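**Q** Provided below: protein.cif, containing mmCIF, C-alpha atoms.
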```cif
data_protein
loop_
_atom_site.label_atom_id
_atom_site.label_comp_id
_atom_site.auth_asym_id
_atom_site.auth_seq_id
_atom_site.Cartn_x
_atom_site.Cartn_y
_atom_site.Cartn_z
CA MET W 8 -36.34 -3.87 73.35
CA SER W 9 -37.70 -7.20 72.12
CA ARG W 10 -38.02 -10.15 74.46
CA ILE W 11 -35.31 -12.12 72.63
CA THR W 12 -32.87 -9.21 72.84
CA SER W 13 -33.61 -8.88 76.55
CA TYR W 14 -32.95 -12.61 77.01
CA LYS W 15 -29.68 -12.29 75.11
CA TYR W 16 -28.47 -9.50 77.40
CA ILE W 17 -29.37 -11.52 80.50
CA ILE W 18 -27.23 -14.38 79.21
CA LEU W 19 -24.32 -12.24 78.00
CA SER W 20 -24.29 -10.62 81.46
CA GLY W 21 -23.78 -14.02 83.05
CA GLY W 22 -27.36 -14.84 83.97
CA ASP W 23 -29.81 -17.58 83.03
CA ILE W 24 -33.19 -17.14 81.43
CA THR W 25 -36.11 -18.43 83.51
CA PRO W 26 -38.22 -21.44 82.53
CA GLN W 27 -41.09 -19.07 81.75
CA GLN W 28 -38.87 -17.06 79.40
CA ALA W 29 -37.60 -20.26 77.77
CA TYR W 30 -41.13 -21.61 77.22
CA SER W 31 -42.12 -18.33 75.58
CA LEU W 32 -39.82 -19.34 72.69
CA ALA W 33 -42.09 -22.25 71.75
CA GLU W 34 -43.93 -19.92 69.40
CA LEU W 35 -41.98 -17.60 67.10
CA THR W 36 -42.86 -15.21 64.32
CA PRO W 37 -40.58 -15.25 61.25
CA THR W 38 -38.92 -12.04 62.46
CA GLU W 39 -38.39 -13.44 65.96
CA ARG W 40 -36.93 -16.63 64.51
CA GLU W 41 -34.12 -14.75 62.77
CA GLU W 42 -33.59 -12.66 65.91
CA LEU W 43 -33.32 -15.89 67.94
CA TYR W 44 -30.71 -17.29 65.56
CA GLU W 45 -28.65 -14.08 65.75
CA ALA W 46 -28.86 -14.04 69.55
CA ALA W 47 -27.78 -17.68 69.81
CA SER W 48 -24.91 -17.04 67.39
CA GLU W 49 -23.67 -14.10 69.44
CA ILE W 50 -23.85 -16.15 72.64
CA THR W 51 -21.95 -19.00 70.98
CA ARG W 52 -19.20 -16.65 69.79
CA ARG W 53 -18.94 -15.10 73.26
CA PHE W 54 -18.77 -18.25 75.36
CA MET W 55 -17.63 -21.11 73.13
CA PRO W 56 -14.04 -21.62 71.91
CA ARG W 57 -13.41 -21.68 68.18
CA LYS W 58 -11.84 -25.12 68.43
CA PHE W 59 -14.40 -27.71 67.36
CA ASP W 60 -15.24 -30.28 70.03
CA SER W 61 -14.78 -33.64 68.29
CA CYS W 62 -15.32 -37.17 69.56
CA SER W 63 -15.89 -40.66 68.17
CA ILE W 64 -17.63 -43.81 69.35
CA ILE W 65 -17.40 -47.52 68.70
CA ASN W 66 -20.40 -49.82 69.01
CA ALA W 67 -18.64 -52.23 71.34
CA ARG W 68 -21.57 -54.62 71.91
CA SER W 69 -24.60 -54.64 69.64
CA GLY W 70 -28.16 -55.87 69.83
CA ARG W 71 -30.13 -58.19 72.14
CA CYS W 72 -30.94 -55.32 74.50
CA PRO W 73 -33.73 -56.12 77.00
CA GLU W 74 -34.88 -52.48 77.19
CA ASP W 75 -37.88 -51.37 75.11
CA CYS W 76 -36.73 -47.89 73.98
CA LYS W 77 -38.97 -47.22 70.98
CA TRP W 78 -36.30 -45.39 68.96
CA CYS W 79 -33.63 -48.09 69.19
CA ALA W 80 -32.81 -50.77 66.63
CA GLN W 81 -30.82 -52.70 69.24
CA SER W 82 -33.86 -53.53 71.38
CA ALA W 83 -34.73 -57.23 71.47
CA HIS W 84 -38.39 -56.20 71.60
CA TYR W 85 -38.36 -55.19 67.92
CA HIS W 86 -37.39 -56.79 64.63
CA SER W 87 -34.80 -54.60 62.92
CA SER W 88 -31.89 -55.54 60.69
CA VAL W 89 -29.23 -54.27 63.12
CA ASN W 90 -26.04 -56.28 63.38
CA THR W 91 -25.87 -58.29 66.59
CA TYR W 92 -22.56 -59.28 68.19
CA PRO W 93 -20.94 -59.72 71.61
CA LEU W 94 -18.25 -57.51 73.06
CA ILE W 95 -15.62 -56.56 70.47
CA ASP W 96 -12.09 -57.90 70.85
CA ARG W 97 -9.12 -55.93 72.11
CA ALA W 98 -7.50 -55.53 68.69
CA THR W 99 -10.67 -54.00 67.20
CA CYS W 100 -11.08 -51.59 70.11
CA LEU W 101 -7.46 -50.44 70.18
CA GLY W 102 -7.16 -50.30 66.39
CA GLN W 103 -10.19 -48.04 66.02
CA ALA W 104 -8.90 -45.79 68.78
CA GLU W 105 -5.54 -45.50 67.05
CA ARG W 106 -7.16 -44.54 63.74
CA ASN W 107 -9.20 -41.84 65.48
CA ARG W 108 -6.14 -40.50 67.28
CA HIS W 109 -4.24 -40.21 64.00
CA SER W 110 -7.23 -38.36 62.51
CA GLY W 111 -7.05 -35.74 65.25
CA ILE W 112 -10.22 -36.75 67.11
CA SER W 113 -10.17 -35.50 70.71
CA ARG W 114 -12.22 -38.13 72.55
CA TYR W 115 -13.10 -41.82 72.14
CA SER W 116 -15.93 -43.82 73.70
CA LEU W 117 -17.02 -47.42 73.90
CA VAL W 118 -20.81 -47.82 73.74
CA THR W 119 -22.49 -51.09 74.66
CA SER W 120 -26.06 -52.26 74.20
CA GLY W 121 -27.98 -53.52 77.20
CA ARG W 122 -29.20 -52.17 80.51
CA THR W 123 -25.79 -52.35 82.17
CA LEU W 124 -22.34 -53.94 82.02
CA SER W 125 -21.07 -56.31 84.69
CA GLY W 126 -18.97 -59.38 85.40
CA GLU W 127 -16.47 -60.56 82.80
CA ALA W 128 -17.67 -58.02 80.23
CA LEU W 129 -16.99 -55.16 82.64
CA ASP W 130 -13.58 -56.61 83.51
CA THR W 131 -12.71 -56.76 79.81
CA VAL W 132 -13.84 -53.20 79.10
CA VAL W 133 -11.89 -51.89 82.11
CA SER W 134 -8.78 -53.62 80.74
CA TYR W 135 -9.35 -51.98 77.34
CA TYR W 136 -9.57 -48.55 78.94
CA SER W 137 -6.45 -49.17 81.02
CA GLU W 138 -4.53 -49.91 77.83
CA LEU W 139 -5.99 -46.89 76.02
CA SER W 140 -5.06 -44.68 78.97
CA ARG W 141 -1.51 -46.05 78.97
CA ARG W 142 -1.15 -45.26 75.26
CA GLY W 143 -2.49 -41.72 75.71
CA GLY W 144 -3.49 -39.20 73.06
CA LEU W 145 -7.26 -39.46 73.50
CA GLY W 146 -9.75 -38.32 76.10
CA LEU W 147 -11.64 -41.41 77.20
CA CYS W 148 -15.42 -41.58 77.53
CA ALA W 149 -17.77 -44.47 78.29
CA SER W 150 -21.44 -45.21 77.59
CA LEU W 151 -22.18 -48.52 79.27
CA GLY W 152 -25.69 -48.17 80.67
CA LEU W 153 -26.94 -47.92 84.22
CA LEU W 154 -23.79 -48.72 86.19
CA ASP W 155 -23.34 -48.84 89.96
CA ALA W 156 -20.84 -46.83 91.98
CA GLU W 157 -18.19 -49.57 92.08
CA ALA W 158 -18.19 -50.01 88.30
CA LEU W 159 -17.96 -46.28 87.73
CA HIS W 160 -15.04 -45.94 90.14
CA ARG W 161 -13.27 -48.78 88.33
CA LEU W 162 -13.71 -46.99 85.02
CA ARG W 163 -12.40 -43.76 86.49
CA ARG W 164 -9.31 -45.51 87.83
CA ALA W 165 -8.81 -47.04 84.36
CA GLY W 166 -8.64 -43.55 82.82
CA VAL W 167 -12.22 -42.75 81.79
CA SER W 168 -12.76 -39.03 82.34
CA ARG W 169 -16.33 -38.61 81.03
CA TYR W 170 -19.45 -40.75 81.34
CA HIS W 171 -22.29 -40.60 78.83
CA CYS W 172 -25.90 -41.21 79.85
CA ASN W 173 -28.59 -39.50 77.79
CA LEU W 174 -31.83 -38.29 79.34
CA GLU W 175 -33.12 -38.82 75.75
CA THR W 176 -36.14 -36.50 75.94
CA SER W 177 -38.20 -34.43 78.33
CA ARG W 178 -39.41 -35.71 81.68
CA SER W 179 -43.02 -35.62 80.49
CA HIS W 180 -42.36 -37.48 77.23
CA PHE W 181 -39.92 -40.20 78.31
CA PRO W 182 -42.52 -42.62 79.81
CA THR W 183 -44.29 -42.81 76.42
CA LEU W 184 -41.06 -44.03 74.79
CA CYS W 185 -39.57 -46.44 77.34
CA THR W 186 -41.12 -48.52 80.12
CA THR W 187 -38.24 -50.77 81.21
CA HIS W 188 -36.24 -48.07 82.98
CA THR W 189 -36.82 -44.52 84.15
CA GLN W 190 -35.15 -41.17 83.93
CA ALA W 191 -34.74 -41.33 87.70
CA GLN W 192 -32.43 -44.32 87.19
CA LYS W 193 -30.50 -42.38 84.58
CA LEU W 194 -30.16 -39.43 86.95
CA SER W 195 -28.86 -41.79 89.66
CA THR W 196 -26.18 -43.12 87.28
CA ILE W 197 -25.21 -39.56 86.32
CA ALA W 198 -24.89 -38.57 89.98
CA LEU W 199 -22.75 -41.64 90.74
CA ALA W 200 -20.50 -40.95 87.75
CA ARG W 201 -19.97 -37.40 88.92
CA GLN W 202 -19.20 -38.65 92.44
CA ALA W 203 -16.61 -40.97 90.88
CA GLY W 204 -14.88 -37.89 89.46
CA MET W 205 -16.11 -38.00 85.88
CA GLU W 206 -17.51 -35.29 83.67
CA ILE W 207 -21.00 -35.86 82.30
CA CYS W 208 -22.16 -36.09 78.68
CA SER W 209 -25.95 -36.11 78.48
CA GLY W 210 -28.40 -35.10 75.79
CA GLY W 211 -30.89 -37.00 73.69
CA ILE W 212 -32.94 -37.29 70.54
CA ILE W 213 -35.30 -34.82 68.94
CA GLY W 214 -38.04 -35.80 66.51
CA MET W 215 -39.61 -38.59 68.60
CA GLY W 216 -43.10 -37.10 68.61
CA GLU W 217 -42.44 -34.52 71.29
CA THR W 218 -43.97 -31.05 71.09
CA ARG W 219 -41.93 -27.88 70.71
CA ARG W 220 -42.68 -27.11 74.35
CA GLN W 221 -41.38 -30.54 75.37
CA ARG W 222 -38.11 -29.85 73.55
CA ILE W 223 -37.71 -26.77 75.72
CA GLU W 224 -38.67 -28.81 78.79
CA PHE W 225 -35.94 -31.26 77.80
CA ALA W 226 -33.34 -28.48 77.62
CA LEU W 227 -34.44 -27.24 81.05
CA ASP W 228 -34.27 -30.77 82.48
CA LEU W 229 -30.68 -30.99 81.25
CA ARG W 230 -29.88 -27.64 82.86
CA GLU W 231 -30.68 -29.19 86.24
CA ILE W 232 -27.77 -31.65 85.86
CA ARG W 233 -25.37 -29.20 84.16
CA PRO W 234 -23.71 -31.66 81.74
CA ASP W 235 -20.26 -30.93 80.35
CA SER W 236 -21.37 -31.89 76.84
CA ILE W 237 -24.82 -32.15 75.23
CA PRO W 238 -25.18 -34.48 72.22
CA VAL W 239 -28.13 -33.59 70.00
CA ASN W 240 -29.37 -36.58 68.00
CA ILE W 241 -31.99 -36.22 65.28
CA LEU W 242 -34.17 -39.30 65.04
CA VAL W 243 -33.39 -41.67 62.21
CA PRO W 244 -36.59 -43.73 61.86
CA ILE W 245 -35.43 -47.34 61.64
CA PRO W 246 -37.64 -50.04 60.08
CA GLY W 247 -38.87 -52.49 62.66
CA THR W 248 -38.96 -50.00 65.53
CA PRO W 249 -42.18 -48.32 66.77
CA LEU W 250 -40.93 -44.94 65.51
CA ALA W 251 -40.25 -46.21 61.98
CA ASP W 252 -42.97 -44.02 60.47
CA SER W 253 -42.06 -40.81 62.30
CA GLN W 254 -42.14 -37.68 60.18
CA PRO W 255 -38.77 -35.93 59.83
CA LEU W 256 -38.29 -32.58 61.50
CA THR W 257 -38.19 -29.50 59.31
CA ASP W 258 -35.00 -27.48 58.99
CA GLU W 259 -36.66 -24.73 61.01
CA GLU W 260 -37.48 -27.09 63.85
CA ILE W 261 -33.87 -28.28 64.03
CA LEU W 262 -32.45 -24.75 63.96
CA ASP W 263 -35.00 -23.50 66.49
CA THR W 264 -34.05 -26.36 68.81
CA VAL W 265 -30.30 -25.81 68.74
CA ALA W 266 -30.76 -22.04 69.10
CA ILE W 267 -33.01 -22.43 72.15
CA PHE W 268 -30.63 -25.00 73.62
CA ARG W 269 -27.82 -22.46 73.25
CA LEU W 270 -29.80 -19.83 75.16
CA ILE W 271 -30.50 -22.32 77.95
CA HIS W 272 -26.94 -23.74 77.90
CA PRO W 273 -24.68 -20.82 76.97
CA HIS W 274 -21.50 -22.41 78.37
CA THR W 275 -21.94 -26.04 77.29
CA PRO W 276 -20.74 -27.61 74.02
CA LEU W 277 -23.65 -28.68 71.82
CA ARG W 278 -22.65 -31.73 69.82
CA PHE W 279 -24.34 -33.01 66.68
CA ALA W 280 -24.65 -36.79 66.95
CA GLY W 281 -26.89 -39.36 65.25
CA GLY W 282 -28.97 -38.27 62.28
CA ARG W 283 -26.54 -35.66 61.02
CA LEU W 284 -25.96 -37.59 57.79
CA ASN W 285 -29.55 -36.86 56.77
CA LEU W 286 -29.07 -33.09 57.01
CA SER W 287 -27.96 -30.98 54.09
CA THR W 288 -24.54 -29.37 54.19
CA ASP W 289 -26.16 -25.93 54.27
CA LEU W 290 -28.29 -26.88 57.27
CA GLN W 291 -25.28 -28.24 59.15
CA LEU W 292 -23.30 -25.08 58.45
CA ARG W 293 -26.20 -22.89 59.59
CA ALA W 294 -26.55 -24.90 62.80
CA MET W 295 -22.83 -24.51 63.47
CA GLU W 296 -23.08 -20.78 62.88
CA ILE W 297 -25.95 -20.55 65.35
CA ALA W 298 -25.11 -22.94 68.16
CA VAL W 299 -23.48 -26.30 67.39
CA ASN W 300 -19.76 -26.42 68.17
CA GLY W 301 -19.06 -30.13 68.36
CA ALA W 302 -19.91 -33.46 66.78
CA ILE W 303 -19.52 -37.19 66.98
CA MET W 304 -17.44 -38.04 63.94
CA GLY W 305 -17.17 -41.28 62.01
CA ASP W 306 -19.83 -43.98 62.22
CA MET W 307 -22.68 -43.89 64.72
CA LEU W 308 -24.17 -46.84 66.59
CA THR W 309 -26.61 -48.35 64.10
CA THR W 310 -26.56 -45.76 61.32
CA SER W 311 -23.73 -44.37 59.22
CA GLY W 312 -22.00 -41.11 60.05
CA PRO W 313 -20.06 -38.75 57.78
CA GLN W 314 -16.44 -39.63 57.24
CA ILE W 315 -13.87 -37.79 59.31
CA GLU W 316 -11.97 -36.08 56.48
CA ALA W 317 -15.20 -34.70 55.02
CA ASP W 318 -16.16 -33.50 58.50
CA LYS W 319 -12.87 -31.63 58.86
CA LYS W 320 -13.59 -29.67 55.68
CA LEU W 321 -17.09 -28.87 56.93
CA VAL W 322 -15.72 -27.69 60.28
CA ALA W 323 -13.26 -25.39 58.51
CA ARG W 324 -16.05 -23.94 56.35
CA ALA W 325 -17.97 -23.19 59.54
CA GLY W 326 -15.04 -21.14 60.83
CA TYR W 327 -13.84 -23.57 63.50
CA LYS W 328 -10.39 -25.02 64.08
CA PHE W 329 -10.18 -28.79 64.22
#
```
Kindly return the structure encoded in the file as structure tokens.
**A**
Amino acid sequence: MSRITSYKYIILSGGDITPQQAYSLAELTPTEREELYEAASEITRRFMPRKFDSCSIINARSGRCPEDCKWCAQSAHYHSSVNTYPLIDRATCLGQAERNRHSGISRYSLVTSGRTLSGEALDTVVSYYSELSRRGGLGLCASLGLLDAEALHRLRRAGVSRYHCNLETSRSHFPTLCTTHTQAQKLSTIALARQAGMEICSGGIIGMGETRRQRIEFALDLREIRPDSIPVNILVPIPGTPLADSQPLTDEEILDTVAIFRLIHPHTPLRFAGGRLNLSTDLQLRAMEIAVNGAIMGDMLTTSGPQIEADKKLVARAGYKF
């Protein structure tokens, strides 16, 4: 029995592969690569529902961020052409939510630039969520930075059921990409959100100069917090940011990553997020066959996303129900 087949049976029997077994997947022969994809596909079919896990986001406050995340066009440390604006108004927030609800999207999230949200801005966002919760029809998520316990409890009382805070990359790679906050602070926010009664959405970005081994380390780091959803972003190099000249990942690297993530996270939705627009239709379909069973639909934060109706057709081609 090959090592990948043995790993598959461990997972299908309800177990977890060890870190050592996961790291062994950093190097694959062509034959092993196809075996990995088949194993991940079988695990996905066994443990994931055939209903596609859809969500949407709105960039509710853009630009002027004091953090120095090297991948981000919203950082005030860099000179990008990102649109900059304060908190969106109530009509814009509620109108976008209503359009997503009519399109059949399951979840809706406000995302704000900046380290955190407080004061009048937090009060306003809480009021938006209270109104969205009263209207119903959408699961409510929030991605508002490094919040404290009181803010998170207020969001939960307003109807937010899931909090998003990406680890972004592996523990060993993160300090090379951001110096103004730490993963420990992110982990604290995640713990506080969970204590407030929220589910956790946490993933990150691949293609930021990390090694294949560091991508596996990243998946293992996420396993320690057991998120309820894992968004997988593929870096879009944005002019003006330090990662503007990053080389794009190959199709193999993307498929290897989602397959390995599926083996490490057999029971967690894997959600395509930013960067999906740059992938071919065939690559997206192959990734969905192997491991990906969710996506952020509509526009992303600072880059365009595929339109919802086109996404629905793609989801159907992949054999999922929307």
**Q** Identify which of the residues W:Glu41, W:Glu296, W:Glu175, W:Asp228 lies closest to W:Gly211, counting only C-alpha atoms when measuring atom-to-atom distances.
**A**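 Under the stated criterion, the closest residue is W:Glu175.
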**Q** May I have the residues within 12 Å of W:Ser88 as a list in words, using all atoms listed in the file and disregarding those fewer than 5 positions away in the same chain?
**A**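 The residues satisfying every condition are Ser69, Gly70, Arg71, Cys79, Ala80, Gln81, Ser82, Ala83, Ile245, Pro246, Gly247, Thr248, Thr309 and Thr310 of chain W.
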**Q** Any chance you could resolve the PyMOL selection byres ((chain W and resi 264-278) around 8) against this file and give the residues as a ChimeraX atom specification?
**A** /W:15,18,23-24,29,32,43-44,47-48,50-51,54-55,60,222-223,226-227,230,234-239,260-263,279-280,294,297-303
**Q** Measuring between all atoms listed in the file, which one of W:Arg97, W:Arg161, W:Arg114, W:Lys77 shows the shortest distance to W:Phe59?
**A** W:Arg114
**Q** Need the shell around W:Ser120: protein/DNA/RNA residues with any atom at most 12 Å away, counting only C-alpha atoms. Skip same-chain ones fewer than 4 positions apart. Format as a ChimeraX atom specification?
**A** /W:65-76,79-83,89-95,124,128,150-153,308-309
**Q** Please produce an output containing C-alpha atoms for each residue in the selection, written as a CSV table (one decimal), in the frame of the given file.
**A**
```csv
chain,number,residue,atom,x,y,z
W,65,ILE,CA,-17.4,-47.5,68.7
W,66,ASN,CA,-20.4,-49.8,69.0
W,67,ALA,CA,-18.6,-52.2,71.3
W,68,ARG,CA,-21.6,-54.6,71.9
W,69,SER,CA,-24.6,-54.6,69.6
W,70,GLY,CA,-28.2,-55.9,69.8
W,71,ARG,CA,-30.1,-58.2,72.1
W,72,CYS,CA,-30.9,-55.3,74.5
W,73,PRO,CA,-33.7,-56.1,77.0
W,74,GLU,CA,-34.9,-52.5,77.2
W,75,ASP,CA,-37.9,-51.4,75.1
W,76,CYS,CA,-36.7,-47.9,74.0
W,79,CYS,CA,-33.6,-48.1,69.2
W,80,ALA,CA,-32.8,-50.8,66.6
W,81,GLN,CA,-30.8,-52.7,69.2
W,82,SER,CA,-33.9,-53.5,71.4
W,83,ALA,CA,-34.7,-57.2,71.5
W,89,VAL,CA,-29.2,-54.3,63.1
W,90,ASN,CA,-26.0,-56.3,63.4
W,91,THR,CA,-25.9,-58.3,66.6
W,92,TYR,CA,-22.6,-59.3,68.2
W,93,PRO,CA,-20.9,-59.7,71.6
W,94,LEU,CA,-18.2,-57.5,73.1
W,95,ILE,CA,-15.6,-56.6,70.5
W,124,LEU,CA,-22.3,-53.9,82.0
W,128,ALA,CA,-17.7,-58.0,80.2
W,150,SER,CA,-21.4,-45.2,77.6
W,151,LEU,CA,-22.2,-48.5,79.3
W,152,GLY,CA,-25.7,-48.2,80.7
W,153,LEU,CA,-26.9,-47.9,84.2
W,308,LEU,CA,-24.2,-46.8,66.6
W,309,THR,CA,-26.6,-48.4,64.1
```
**Q** Which one of W:Thr196, W:Ser253, W:Ser13, W:Gln190 sits closest to W:Met215 if you count all atoms listed in the file?
**A** W:Ser253
**Q** When the PyMOL selection byres ((chain W and resi 220) around 9) is applied to the structure above, which residues does it catch, written out as an NGL selection string?
**A** :W and (30-34 or 217-219 or 221-225)
**Q** Quick one, how far is atom CA of W:Val132 from atom CA of W:Leu229?
**A**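 Going from atom CA of W:Val132 over to atom CA of W:Leu229, I get 28.0 Å.
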**Q** Take atom CA of W:Ala46 and atom CA of W:Gln254 and report the distance between them in Å, one decimal.
**A** 28.7 Å
**Q** To one decimal place in Å, what is the distance between atom CA of W:Lys58 and atom CA of W:Leu145?
**A**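 One can read the atom CA of W:Lys58 to atom CA of W:Leu145 distance as 15.9 Å.
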**Q** Show me the residues around (-9.0, -40.2, 83.1) - criterion: an atom at most 8 Å away, all atoms listed in the file counted - as a list in words.
**A**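 Every residue inside that radius is included here: Ser140, Gly146, Leu147, Arg163, Arg164, Ala165, Gly166, Val167, Ser168, Arg169 and Met205 of chain W.
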**Q** Using only C-alpha atoms, which residues sit within 12 Å of W:Ser110 once same-chain residues fewer than 6 positions away are excluded, as a PyMOL selection string?
**A** chain W and resi 61-63+103-104+144-145+304-305+314-319+329
**Q** With all atoms listed in the file as the basis for distance, which of W:Thr186, W:Pro26, W:Glu42, W:Ile207 is at the shortest distance from W:Met8?
**A**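 Of W:Thr186, W:Pro26, W:Glu42, W:Ile207, the one nearest W:Met8, counting all atoms listed in the file, is W:Glu42.
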**Q** With distances taken over all atoms listed in the file, which of W:Tyr115, W:Tyr170, W:Tyr136, W:Tyr85 is nearest to W:Leu250?
**A** W:Tyr85
**Q** Around (-22.6, -50.9, 84.1) in the file's frame, which residues reach within 12 Å when counting only C-alpha atoms? Return as JSON, numbers by chain?
**A** {"W": [118, 119, 120, 121, 122, 123, 124, 125, 126, 127, 128, 129, 130, 132, 133, 149, 150, 151, 152, 153, 154, 155, 156, 157, 158, 159, 160, 161, 162, 170, 171, 172, 193, 196, 197, 199, 200]}
**Q** Find the axis-aligned box for stretch 23-33 of chain W, covering all its listed atoms and adding 3 Å on each side, and write its centre and edge lengths in Å to one decimal as lines of an AutoDock Vina configuration file.
**A**
```
center_x = -36.0
center_y = -19.7
center_z = 77.6
size_x = 18.3
size_y = 11.2
size_z = 17.8
```
**Q** For a quick check of understanding, using all atoms listed in the file, which of W:Ala251, W:Leu184, W:Leu101, W:Ala323 has the smallest distance to W:Ser137?
**A**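 Nearest to W:Ser137: W:Leu101.
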**Q** Dump N, CA, C and O atoms of stretch 50-66 of chain W from the given block, as a short mmCIF file (atom, residue, chain, number, x, y, z; two decimals), in the first residue's frame.
**A**
```cif
data_model
loop_
_atom_site.label_atom_id
_atom_site.label_comp_id
_atom_site.auth_asym_id
_atom_site.auth_seq_id
_atom_site.Cartn_x
_atom_site.Cartn_y
_atom_site.Cartn_z
N ILE W 50 -12.08 11.86 -0.16
CA ILE W 50 -12.33 12.41 1.17
C ILE W 50 -13.38 13.52 1.10
O ILE W 50 -14.28 13.60 1.94
N THR W 51 -13.27 14.37 0.09
CA THR W 51 -14.25 15.44 -0.09
C THR W 51 -15.65 14.87 -0.30
O THR W 51 -16.62 15.34 0.32
N ARG W 52 -15.77 13.86 -1.15
CA ARG W 52 -17.09 13.26 -1.40
C ARG W 52 -17.64 12.60 -0.14
O ARG W 52 -18.85 12.60 0.07
N ARG W 53 -16.77 12.04 0.68
CA ARG W 53 -17.22 11.35 1.89
C ARG W 53 -17.72 12.33 2.95
O ARG W 53 -18.76 12.09 3.58
N PHE W 54 -16.99 13.41 3.15
CA PHE W 54 -17.26 14.25 4.31
C PHE W 54 -17.93 15.59 4.02
O PHE W 54 -18.48 16.21 4.93
N MET W 55 -17.88 16.05 2.78
CA MET W 55 -18.45 17.35 2.46
C MET W 55 -19.81 17.21 1.79
O MET W 55 -19.99 16.34 0.93
N PRO W 56 -20.78 18.07 2.14
CA PRO W 56 -22.08 18.03 1.46
C PRO W 56 -21.94 18.47 0.01
O PRO W 56 -20.98 19.15 -0.35
N ARG W 57 -22.90 18.10 -0.80
CA ARG W 57 -22.87 18.49 -2.21
C ARG W 57 -23.49 19.86 -2.45
O ARG W 57 -23.56 20.33 -3.58
N LYS W 58 -23.91 20.52 -1.38
CA LYS W 58 -24.37 21.91 -1.52
C LYS W 58 -23.16 22.82 -1.39
O LYS W 58 -22.40 22.74 -0.42
N PHE W 59 -22.98 23.69 -2.38
CA PHE W 59 -21.82 24.57 -2.42
C PHE W 59 -21.94 25.63 -1.34
O PHE W 59 -23.01 26.19 -1.12
N ASP W 60 -20.85 25.92 -0.66
CA ASP W 60 -20.83 26.83 0.48
C ASP W 60 -20.50 28.24 -0.01
O ASP W 60 -19.33 28.60 -0.16
N SER W 61 -21.52 29.04 -0.25
CA SER W 61 -21.32 30.36 -0.86
C SER W 61 -21.37 31.48 0.17
O SER W 61 -22.07 31.40 1.18
N CYS W 62 -20.60 32.53 -0.09
CA CYS W 62 -20.67 33.73 0.75
C CYS W 62 -20.27 34.93 -0.10
O CYS W 62 -19.78 34.78 -1.22
N SER W 63 -20.49 36.11 0.43
CA SER W 63 -20.11 37.34 -0.27
C SER W 63 -19.61 38.34 0.76
O SER W 63 -19.91 38.26 1.95
N ILE W 64 -18.82 39.31 0.28
CA ILE W 64 -18.27 40.33 1.16
C ILE W 64 -18.49 41.71 0.55
O ILE W 64 -18.69 41.83 -0.66
N ILE W 65 -18.47 42.71 1.40
CA ILE W 65 -18.48 44.08 0.93
C ILE W 65 -17.33 44.81 1.61
O ILE W 65 -17.11 44.66 2.82
N ASN W 66 -16.56 45.53 0.82
CA ASN W 66 -15.44 46.31 1.35
C ASN W 66 -16.01 47.56 2.01
O ASN W 66 -16.25 48.57 1.36
#
```
